[in-house]
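Engineer: Structure file run-v5.cif (mmCIF, C-alpha atoms) is given on the next line.
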data_structure
loop_
_atom_site.label_atom_id
_atom_site.label_comp_id
_atom_site.auth_asym_id
_atom_site.auth_seq_id
_atom_site.Cartn_x
_atom_site.Cartn_y
_atom_site.Cartn_z
CA MET A 288 -24.33 -25.94 -42.91
CA ASP A 289 -22.03 -23.66 -40.91
CA ALA A 290 -20.53 -20.83 -42.97
CA GLY A 291 -17.31 -21.19 -40.96
CA THR A 292 -16.84 -24.92 -41.61
CA ALA A 293 -14.89 -26.36 -44.52
CA VAL A 294 -16.54 -29.63 -45.55
CA LEU A 295 -14.67 -32.48 -47.19
CA PRO A 296 -16.45 -33.60 -50.37
CA THR A 297 -17.24 -37.32 -50.60
CA GLY A 298 -14.34 -39.35 -52.01
CA GLU A 299 -11.87 -36.45 -51.80
CA ASN A 300 -8.25 -37.19 -50.81
CA THR A 301 -7.84 -36.49 -47.08
CA SER A 302 -4.09 -35.96 -47.36
CA ASN A 303 -4.61 -32.28 -48.16
CA PRO A 304 -4.86 -30.39 -44.83
CA LEU A 305 -6.93 -27.65 -46.49
CA LEU A 306 -9.73 -30.16 -47.03
CA LEU A 307 -10.02 -31.25 -43.42
CA ILE A 308 -12.96 -30.04 -41.35
CA SER A 309 -11.88 -26.73 -39.87
CA PRO A 310 -13.32 -23.86 -37.84
CA LEU A 311 -11.48 -21.43 -40.13
CA ASP A 312 -13.68 -19.71 -42.68
CA ASP A 313 -12.99 -20.04 -46.41
CA ASN A 314 -11.20 -16.70 -46.69
CA LYS A 315 -8.78 -17.57 -43.89
CA LEU A 316 -8.17 -21.00 -45.35
CA LEU A 317 -7.20 -19.31 -48.60
CA GLN A 318 -5.21 -16.50 -46.97
CA TYR A 319 -3.04 -18.88 -44.94
CA SER A 320 -3.17 -21.84 -47.33
CA ARG A 321 0.59 -21.97 -47.99
CA GLN A 322 1.27 -22.26 -44.26
CA ILE A 323 -1.56 -24.69 -43.57
CA MET A 324 -0.12 -26.98 -46.25
CA LEU A 325 3.01 -27.40 -44.11
CA PRO A 326 2.51 -30.57 -42.04
CA GLU A 327 4.28 -28.95 -39.08
CA ILE A 328 1.60 -26.23 -38.98
CA GLY A 329 -1.64 -27.46 -40.55
CA VAL A 330 -5.05 -26.16 -39.54
CA ASP A 331 -4.39 -26.61 -35.82
CA GLY A 332 -1.14 -24.70 -35.98
CA GLN A 333 -2.74 -21.88 -37.94
CA GLN A 334 -5.44 -21.65 -35.30
CA ARG A 335 -2.75 -21.40 -32.61
CA LEU A 336 -1.20 -18.51 -34.55
CA LEU A 337 -4.58 -16.78 -34.79
CA ASP A 338 -5.05 -17.20 -31.03
CA ALA A 339 -1.51 -16.10 -30.10
CA LYS A 340 -0.40 -12.89 -28.43
CA VAL A 341 3.11 -11.63 -29.17
CA LEU A 342 4.89 -8.78 -27.41
CA LEU A 343 7.38 -7.01 -29.72
CA ILE A 344 9.69 -4.55 -27.99
CA GLY A 345 11.30 -2.23 -30.53
CA VAL A 346 9.89 -1.27 -33.94
CA GLY A 347 13.15 -0.34 -35.68
CA GLY A 348 15.41 -2.28 -38.02
CA LEU A 349 14.79 -5.68 -36.43
CA GLY A 350 11.22 -4.99 -35.36
CA SER A 351 10.11 -3.99 -38.85
CA PRO A 352 10.42 -7.39 -40.58
CA ILE A 353 9.41 -9.18 -37.37
CA ALA A 354 6.12 -7.30 -37.13
CA MET A 355 5.33 -7.57 -40.84
CA TYR A 356 5.97 -11.31 -41.06
CA LEU A 357 4.04 -12.02 -37.86
CA ALA A 358 1.02 -10.04 -39.03
CA ALA A 359 1.12 -11.63 -42.48
CA ALA A 360 1.42 -15.10 -40.91
CA GLY A 361 -1.78 -14.54 -38.96
CA ILE A 362 -0.69 -13.77 -35.40
CA GLY A 363 -3.94 -12.73 -33.74
CA GLU A 364 -2.61 -10.00 -31.46
CA ILE A 365 0.64 -8.05 -31.58
CA THR A 366 1.64 -5.47 -28.99
CA LEU A 367 4.24 -2.96 -30.23
CA VAL A 368 6.39 -1.16 -27.66
CA ASP A 369 8.46 1.84 -28.80
CA PHE A 370 8.50 5.49 -27.77
CA ASP A 371 10.64 6.83 -30.64
CA THR A 372 9.52 8.72 -33.74
CA VAL A 373 10.40 8.00 -37.38
CA ASP A 374 13.45 9.83 -38.72
CA LEU A 375 14.70 10.06 -42.31
CA SER A 376 17.80 8.03 -41.44
CA ASN A 377 15.56 5.15 -40.25
CA LEU A 378 14.09 4.46 -43.67
CA GLN A 379 17.25 2.78 -45.02
CA ARG A 380 16.51 -0.31 -42.90
CA GLN A 381 13.23 0.14 -40.97
CA ILE A 382 11.05 -1.06 -43.83
CA ILE A 383 7.75 -0.93 -41.94
CA HIS A 384 7.87 2.88 -42.12
CA ARG A 385 7.40 5.15 -45.15
CA MET A 386 8.55 8.61 -46.17
CA ASN A 387 5.24 10.10 -45.07
CA SER A 388 5.78 8.52 -41.63
CA ILE A 389 8.64 10.88 -40.74
CA GLY A 390 7.85 12.59 -37.45
CA ARG A 391 5.16 10.07 -36.47
CA LEU A 392 5.47 7.67 -33.58
CA LYS A 393 7.02 4.43 -34.81
CA THR A 394 4.23 2.43 -33.19
CA ASP A 395 1.54 4.39 -35.05
CA SER A 396 3.39 4.13 -38.36
CA ALA A 397 3.94 0.41 -37.86
CA LYS A 398 0.33 -0.22 -36.87
CA HIS A 399 -0.86 1.44 -40.08
CA THR A 400 1.38 -0.83 -42.19
CA LEU A 401 0.39 -3.99 -40.31
CA LEU A 402 -3.33 -3.34 -40.67
CA GLU A 403 -2.84 -2.82 -44.40
CA LEU A 404 -1.12 -6.21 -44.52
CA ASN A 405 -3.71 -7.94 -42.35
CA PRO A 406 -6.74 -5.99 -41.10
CA ASP A 407 -7.77 -8.96 -38.92
CA CYS A 408 -4.64 -8.65 -36.77
CA LYS A 409 -5.23 -6.82 -33.50
CA VAL A 410 -2.39 -4.33 -33.01
CA ASN A 411 -1.83 -2.70 -29.62
CA THR A 412 0.66 0.15 -29.15
CA ILE A 413 2.60 1.28 -26.10
CA THR A 414 4.49 4.54 -26.50
CA GLU A 415 5.63 5.35 -22.97
CA LEU A 416 8.59 4.04 -21.02
CA LEU A 417 7.27 1.15 -18.96
CA ASP A 418 8.31 0.79 -15.35
CA GLU A 419 9.30 -2.65 -14.08
CA PRO A 420 5.79 -3.66 -12.95
CA GLY A 421 4.48 -2.51 -16.34
CA ILE A 422 7.04 -4.57 -18.24
CA ARG A 423 6.29 -7.64 -16.13
CA HIS A 424 2.54 -7.21 -16.64
CA GLN A 425 2.95 -7.04 -20.42
CA ILE A 426 5.27 -10.07 -20.50
CA LYS A 427 2.82 -12.09 -18.40
CA ALA A 428 -0.05 -11.19 -20.75
CA HIS A 429 1.66 -12.53 -23.89
CA ASP A 430 2.64 -15.96 -25.19
CA VAL A 431 6.00 -14.97 -26.70
CA VAL A 432 8.25 -11.93 -26.21
CA ILE A 433 10.54 -10.71 -28.99
CA ASP A 434 13.40 -8.40 -28.04
CA ALA A 435 14.27 -6.07 -30.92
CA THR A 436 15.91 -3.39 -28.77
CA ASP A 437 19.45 -2.05 -29.04
CA ASN A 438 20.80 -1.76 -25.49
CA PHE A 439 21.78 -4.18 -22.76
CA THR A 440 19.94 -2.40 -19.97
CA THR A 441 16.60 -3.01 -21.65
CA ARG A 442 17.55 -6.53 -22.76
CA PHE A 443 18.52 -7.55 -19.24
CA LEU A 444 15.25 -6.17 -17.86
CA ILE A 445 13.18 -7.99 -20.47
CA ASN A 446 15.07 -11.21 -19.75
CA GLN A 447 14.59 -10.86 -16.00
CA TYR A 448 10.81 -10.84 -16.25
CA CYS A 449 10.64 -13.41 -19.03
CA VAL A 450 12.50 -15.76 -16.69
CA ALA A 451 10.23 -14.83 -13.78
CA GLU A 452 7.10 -15.54 -15.85
CA GLN A 453 8.67 -18.45 -17.79
CA THR A 454 7.69 -16.69 -21.02
CA PRO A 455 9.70 -17.65 -24.14
CA LEU A 456 12.03 -14.90 -25.35
CA VAL A 457 13.43 -14.51 -28.87
CA SER A 458 16.45 -12.21 -28.85
CA GLY A 459 18.24 -10.69 -31.82
CA ALA A 460 20.86 -8.03 -32.51
CA ALA A 461 22.57 -6.56 -35.57
CA ILE A 462 25.33 -4.06 -36.24
CA ARG A 463 27.58 -3.30 -39.21
CA TRP A 464 27.70 -6.58 -41.22
CA GLU A 465 27.02 -8.78 -38.20
CA GLY A 466 23.98 -10.26 -36.56
CA GLN A 467 23.03 -12.80 -33.93
CA ILE A 468 19.92 -14.55 -32.70
CA SER A 469 18.94 -16.94 -29.92
CA THR A 470 15.78 -18.27 -28.29
CA PHE A 471 15.28 -18.72 -24.57
CA THR A 472 12.35 -20.90 -23.51
CA ASN A 473 13.01 -20.03 -19.85
CA GLU A 474 12.03 -23.48 -18.72
CA PRO A 475 13.79 -24.84 -15.61
CA GLY A 476 17.32 -26.01 -16.39
CA THR A 477 17.71 -23.94 -19.56
CA PRO A 478 20.00 -20.91 -19.96
CA CYS A 479 18.70 -17.35 -20.03
CA TYR A 480 20.00 -14.26 -21.81
CA HIS A 481 21.88 -13.24 -18.66
CA CYS A 482 23.81 -16.55 -18.76
CA LEU A 483 25.14 -15.50 -22.16
CA TYR A 484 26.33 -12.01 -21.30
CA GLY A 485 26.94 -11.96 -17.56
CA GLN A 486 26.32 -9.03 -15.31
CA ASP A 487 27.09 -6.10 -17.57
CA GLY A 488 27.11 -7.46 -21.10
CA ASP A 489 29.45 -6.14 -23.76
CA GLU A 490 29.80 -2.45 -24.37
CA ASP A 491 26.65 -1.13 -25.98
CA GLU A 492 27.07 -0.28 -29.65
CA SER A 493 24.49 1.46 -31.78
CA CYS A 494 23.79 1.68 -35.49
CA THR A 495 23.97 5.46 -35.13
CA GLU A 496 27.66 5.25 -34.23
CA ASN A 497 28.71 2.17 -36.21
CA GLY A 498 26.27 1.78 -39.09
CA VAL A 499 24.48 -1.35 -40.26
CA LEU A 500 23.71 -2.95 -43.62
CA ALA A 501 19.95 -2.91 -44.16
CA PRO A 502 19.52 -6.56 -45.26
CA VAL A 503 21.37 -7.77 -42.14
CA VAL A 504 18.58 -6.56 -39.85
CA GLY A 505 16.13 -8.05 -42.33
CA ILE A 506 17.82 -11.47 -42.11
CA ILE A 507 17.94 -11.50 -38.30
CA GLY A 508 14.45 -10.03 -37.90
CA SER A 509 12.96 -12.59 -40.29
CA MET A 510 14.61 -15.36 -38.31
CA GLN A 511 13.22 -13.96 -35.06
CA ALA A 512 9.73 -14.06 -36.57
CA THR A 513 10.39 -17.66 -37.67
CA GLU A 514 11.45 -18.67 -34.16
CA ALA A 515 8.31 -17.10 -32.67
CA ILE A 516 6.07 -18.96 -35.12
CA LYS A 517 7.84 -22.25 -34.34
CA LEU A 518 7.40 -21.68 -30.61
CA ILE A 519 3.69 -21.01 -31.01
CA CYS A 520 3.13 -24.01 -33.30
CA ASN A 521 5.55 -26.26 -31.42
CA ALA A 522 7.23 -26.97 -34.75
CA GLY A 523 10.76 -28.20 -35.37
CA SER A 524 13.75 -27.25 -33.23
CA THR A 525 14.30 -23.70 -32.02
CA LEU A 526 17.54 -21.95 -31.17
CA GLU A 527 17.06 -22.72 -27.48
CA SER A 528 20.52 -23.11 -25.86
CA ARG A 529 22.18 -21.98 -29.10
CA LEU A 530 23.50 -18.64 -30.35
CA LEU A 531 23.59 -18.27 -34.13
CA ILE A 532 26.04 -15.62 -35.38
CA LEU A 533 26.08 -14.13 -38.88
CA ASP A 534 29.07 -12.55 -40.62
CA ALA A 535 27.33 -11.17 -43.71
CA LEU A 536 30.51 -9.69 -45.18
CA GLN A 537 31.96 -13.19 -45.57
CA MET A 538 28.46 -14.78 -45.59
CA GLN A 539 29.32 -17.25 -42.87
CA TRP A 540 27.27 -18.59 -39.98
CA ARG A 541 28.60 -19.85 -36.65
CA SER A 542 26.64 -21.71 -33.99
CA MET A 543 27.59 -21.67 -30.30
CA LYS A 544 26.13 -23.70 -27.47
CA ILE A 545 24.82 -21.72 -24.49
CA LYS A 546 25.02 -23.45 -21.13
CA PRO A 547 23.18 -22.40 -17.97
CA ASP A 548 25.47 -20.36 -15.73
CA PRO A 549 25.32 -21.93 -12.25
CA GLN A 550 26.14 -18.49 -10.83
CA CYS A 551 23.50 -16.62 -12.87
CA SER A 552 21.75 -14.10 -10.66
CA VAL A 553 18.56 -14.33 -12.73
CA CYS A 554 17.62 -17.88 -13.74
CA GLN A 555 19.37 -19.66 -10.86
CA LYS A 556 17.22 -17.76 -8.34
CA GLN A 557 13.98 -19.08 -9.75
#
Go through the file and emit its structure as structure tokens.

Structural biologist:
Amino acid sequence: MDAGTAVLPTGENTSNPLLLISPLDDNKLLQYSRQIMLPEIGVDGQQRLLDAKVLLIGVGGLGSPIAMYLAAAGIGEITLVDFDTVDLSNLQRQIIHRMNSIGRLKTDSAKHTLLELNPDCKVNTITELLDEPGIRHQIKAHDVVIDATDNFTTRFLINQYCVAEQTPLVSGAAIRWEGQISTFTNEPGTPCYHCLYGQDGDEDESCTENGVLAPVVGIIGSMQATEAIKLICNAGSTLESRLLILDALQMQWRSMKIKPDPQCSVCQKQ
């Protein structure tokens, strides 16, 4: 009998997905049992998560919960991109880092936390500024890209190459009491991030200048991780062609439709 095969005992109820024949070993079946029990994921979906490669750009307020939930959920390979170091002021919201991480590269600090959560997760780190060919290469090598950056220049560049490679992009942002999230599958006929914000985007705002409530980045980051998992498992409906906006001060959500811009200089050239 294979050590990596779960065998269904004679007469056992086959409605329980944990009892189906599976290539996952017993420890993994137990570790991910609460996800496998979800009919939209099951054993096959969990295997897709274990085989998936996710590129996470930014390991700050948004990137912290994203990375932790993806690693805990069983994403097989996560590539972290960030060239910043941990500062005392980061710890209020960047929960992947610890007090003893101050002065360390955020990618190194984050990798340490992720491997404590799930030592089976392969964590790659990139700490230098990538040129455009480098960004495109990384996007092409991954199944899903998650944008957790804080400036439009980087967001537009990420979007450009996600569209070019038709790689799904999950985008999120948070400032003050506000947050927003959308998913772009980058399939033909669907809008891209550039359709939403046009050529220049809104004026860049940073948490350094405007502040942000810590749980707001946690809410948006957790939702970004959820969208990535749904994309990988092909589960439910994503936020494709929709922008979800949070006003946490009034605790209200708004949903806006995003339509392809026929004049978009990015997705309409593909």

Engineer: Might you spell out which residues the PyMOL selection byres ((chain A and resi 535) around 8) would select in the displayed file, as a short mmCIF file (atom, residue, chain, number, x, y, z; two decimals) with C-alpha atoms, keeping the file's coordinate frame?

Structural biologist:
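Result went into part36.cif, see below:
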data_model
loop_
_atom_site.label_atom_id
_atom_site.label_comp_id
_atom_site.auth_asym_id
_atom_site.auth_seq_id
_atom_site.Cartn_x
_atom_site.Cartn_y
_atom_site.Cartn_z
CA TRP A 464 27.70 -6.58 -41.22
CA GLU A 465 27.02 -8.78 -38.20
CA GLY A 466 23.98 -10.26 -36.56
CA VAL A 503 21.37 -7.77 -42.14
CA LEU A 533 26.08 -14.13 -38.88
CA ASP A 534 29.07 -12.55 -40.62
CA LEU A 536 30.51 -9.69 -45.18
CA GLN A 537 31.96 -13.19 -45.57
CA MET A 538 28.46 -14.78 -45.59
CA GLN A 539 29.32 -17.25 -42.87
#

Engineer: Would you please work out which residue, of A:Asn377, A:Asn387, A:Thr472, A:Ser542, is nearest to Thr525 of chain A when using only C-alpha atoms?

Structural biologist: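 Looking at the shortest contact to Thr525 of chain A, the residue is A:Thr472.
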
Engineer: Can you turn the PyMOL selection byres ((chain A and resi 469) around 8) into a concrete residue list for this file, as a CSV table (one decimal) with C-alpha atoms, in the frame of the given file?

Structural biologist:
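Below is the file result-v4.csv, written as the result:
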chain,number,residue,atom,x,y,z
A,457,VAL,CA,13.4,-14.5,-28.9
A,458,SER,CA,16.4,-12.2,-28.8
A,459,GLY,CA,18.2,-10.7,-31.8
A,467,GLN,CA,23.0,-12.8,-33.9
A,468,ILE,CA,19.9,-14.6,-32.7
A,470,THR,CA,15.8,-18.3,-28.3
A,471,PHE,CA,15.3,-18.7,-24.6
A,526,LEU,CA,17.5,-22.0,-31.2
A,527,GLU,CA,17.1,-22.7,-27.5
A,528,SER,CA,20.5,-23.1,-25.9
A,529,ARG,CA,22.2,-22.0,-29.1
A,530,LEU,CA,23.5,-18.6,-30.4
A,531,LEU,CA,23.6,-18.3,-34.1

Engineer: Separation of atom CA of Ala501 of chain A and atom CA of Leu402 of chain A, in Å?

Structural biologist: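 These two atoms are separated by 23.5 Å.
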
Engineer: Mind dumping a table of every segment 316-402 of chain A residue within 12 Å of segment 425-435 of chain A, with the nearest atom pair and its distance in Å to one decimal, using only C-alpha atoms, sorted by chain and rising number, as a Markdown table?

Structural biologist:
| residue | atom | partner | partner_atom | distance |
| --- | --- | --- | --- | --- |
| A:Arg335 | CA | A:Asp430 | CA | 10.7 |
| A:Leu336 | CA | A:Asp430 | CA | 10.4 |
| A:Asp338 | CA | A:Asp430 | CA | 9.7 |
| A:Ala339 | CA | A:Asp430 | CA | 6.4 |
| A:Lys340 | CA | A:His429 | CA | 5.0 |
| A:Val341 | CA | A:Val431 | CA | 5.1 |
| A:Leu342 | CA | A:Val432 | CA | 4.8 |
| A:Leu343 | CA | A:Ile433 | CA | 4.9 |
| A:Ile344 | CA | A:Asp434 | CA | 5.3 |
| A:Gly345 | CA | A:Ala435 | CA | 4.9 |
| A:Val346 | CA | A:Ala435 | CA | 7.2 |
| A:Gly347 | CA | A:Ala435 | CA | 7.5 |
| A:Gly348 | CA | A:Ala435 | CA | 8.1 |
| A:Leu349 | CA | A:Ala435 | CA | 5.5 |
| A:Gly350 | CA | A:Ala435 | CA | 5.5 |
| A:Ser351 | CA | A:Ala435 | CA | 9.2 |
| A:Pro352 | CA | A:Ala435 | CA | 10.5 |
| A:Ile353 | CA | A:Ile433 | CA | 8.6 |
| A:Ala354 | CA | A:Ile433 | CA | 9.9 |
| A:Leu357 | CA | A:Ile433 | CA | 11.1 |
| A:Ile362 | CA | A:Asp430 | CA | 11.0 |
| A:Gly363 | CA | A:Asp430 | CA | 11.3 |
| A:Glu364 | CA | A:His429 | CA | 9.1 |
| A:Ile365 | CA | A:His429 | CA | 9.0 |
| A:Thr366 | CA | A:His429 | CA | 8.7 |
| A:Leu367 | CA | A:Ile433 | CA | 10.1 |
| A:Val368 | CA | A:Ala435 | CA | 9.8 |
| A:Asp369 | CA | A:Ala435 | CA | 10.0 |
| A:Gln381 | CA | A:Ala435 | CA | 11.9 |

Engineer: Carefully work through the PyMOL selection byres ((chain A and resi 384) around 12) for this structure and note down the residues it includes, as a PyMOL selection string.

Structural biologist: chain A and resi 346-348+350-352+354-355+372-383+385-401

Engineer: Take atom CA of Val330 of chain A and atom CA of Asp313 of chain A and report the distance between them in Å, one decimal.

Structural biologist: 12.2 Å

Engineer: Between A:Cys479, A:Glu403, A:Cys551, A:Lys517, which residue has the minimum interatomic distance to Gln322 of chain A, considering all atoms listed in the file?

Structural biologist: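 For Gln322 of chain A, the nearest of the given residues is A:Lys517.
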
Engineer: In Å to one decimal, how far is atom CA of Gln555 of chain A from atom CA of Cys449 of chain A?

Structural biologist: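 Going from atom CA of Cys449 of chain A over to atom CA of Gln555 of chain A, I get 13.5 Å.
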
Engineer: Tell me which protein, DNA and RNA residues are within 8 Å of Val499 of chain A, counting all atoms listed in the file, leaving out same-chain ones fewer than 6 positions away, and put them as a PyMOL selection string.

Structural biologist: chain A and resi 461-464

Engineer: Could you tell me, as a ChimeraX atom specification, which residues have any atom at most 9 Å from (-5.8, -10.4, -48.8), counting all atoms listed in the file?

Structural biologist: /A:314,318,404-406

Engineer: Between A:Asp407, A:Tyr356, A:Ile507, A:Cys520, which is the closest to Lys315 of chain A once you count all atoms listed in the file?

Structural biologist: A:Asp407

Engineer: Please fill the gaps in segment 444-469 of chain A so it has N, CA and C atoms, and write that as a compact mmCIF listing (two decimals), in the coordinates of the input.

Structural biologist:
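Written out: result.txt:
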# COMPACT_ATOMS: atom_id res chain seq x y z
N LEU A 444 16.52 -6.33 -18.56
CA LEU A 444 15.25 -6.17 -17.86
C LEU A 444 14.18 -7.07 -18.47
N ILE A 445 14.14 -7.10 -19.79
CA ILE A 445 13.18 -7.99 -20.47
C ILE A 445 13.44 -9.44 -20.07
N ASN A 446 14.71 -9.84 -20.10
CA ASN A 446 15.07 -11.21 -19.75
C ASN A 446 14.66 -11.55 -18.31
N GLN A 447 14.90 -10.61 -17.41
CA GLN A 447 14.59 -10.86 -16.00
C GLN A 447 13.14 -11.26 -15.80
N TYR A 448 12.23 -10.56 -16.47
CA TYR A 448 10.81 -10.84 -16.25
C TYR A 448 10.30 -11.96 -17.14
N CYS A 449 10.97 -12.21 -18.25
CA CYS A 449 10.64 -13.41 -19.03
C CYS A 449 10.98 -14.65 -18.24
N VAL A 450 12.12 -14.63 -17.54
CA VAL A 450 12.50 -15.76 -16.69
C VAL A 450 11.50 -15.90 -15.55
N ALA A 451 11.15 -14.79 -14.92
CA ALA A 451 10.23 -14.83 -13.78
C ALA A 451 8.88 -15.40 -14.18
N GLU A 452 8.41 -15.08 -15.39
CA GLU A 452 7.10 -15.54 -15.85
C GLU A 452 7.19 -16.80 -16.71
N GLN A 453 8.43 -17.29 -16.92
CA GLN A 453 8.67 -18.45 -17.79
C GLN A 453 8.02 -18.25 -19.16
N THR A 454 8.19 -17.04 -19.69
CA THR A 454 7.69 -16.69 -21.02
C THR A 454 8.83 -16.81 -22.03
N PRO A 455 8.63 -17.52 -23.13
CA PRO A 455 9.70 -17.65 -24.14
C PRO A 455 10.13 -16.28 -24.67
N LEU A 456 11.43 -16.14 -24.88
CA LEU A 456 12.03 -14.90 -25.35
C LEU A 456 12.86 -15.19 -26.59
N VAL A 457 12.60 -14.43 -27.66
CA VAL A 457 13.43 -14.51 -28.87
C VAL A 457 14.25 -13.22 -28.94
N SER A 458 15.56 -13.36 -28.90
CA SER A 458 16.45 -12.21 -28.85
C SER A 458 17.30 -12.11 -30.10
N GLY A 459 17.42 -10.89 -30.63
CA GLY A 459 18.24 -10.69 -31.82
C GLY A 459 18.99 -9.37 -31.73
N ALA A 460 20.08 -9.27 -32.46
CA ALA A 460 20.86 -8.03 -32.51
C ALA A 460 21.58 -7.96 -33.85
N ALA A 461 21.85 -6.74 -34.31
CA ALA A 461 22.57 -6.56 -35.57
C ALA A 461 23.33 -5.24 -35.55
N ILE A 462 24.52 -5.27 -36.10
CA ILE A 462 25.33 -4.06 -36.24
C ILE A 462 26.35 -4.29 -37.35
N ARG A 463 26.65 -3.22 -38.07
CA ARG A 463 27.58 -3.30 -39.21
C ARG A 463 27.16 -4.42 -40.17
N TRP A 464 28.00 -5.44 -40.34
CA TRP A 464 27.70 -6.58 -41.22
C TRP A 464 27.36 -7.82 -40.40
N GLU A 465 27.13 -7.65 -39.11
CA GLU A 465 27.02 -8.78 -38.20
C GLU A 465 25.64 -8.85 -37.55
N GLY A 466 25.24 -10.07 -37.26
CA GLY A 466 23.98 -10.26 -36.56
C GLY A 466 24.02 -11.51 -35.71
N GLN A 467 23.12 -11.60 -34.75
CA GLN A 467 23.03 -12.80 -33.93
C GLN A 467 21.60 -12.99 -33.44
N ILE A 468 21.27 -14.23 -33.13
CA ILE A 468 19.92 -14.55 -32.70
C ILE A 468 19.96 -15.77 -31.79
N SER A 469 19.11 -15.78 -30.78
CA SER A 469 18.94 -16.94 -29.92
C SER A 469 17.52 -16.94 -29.37
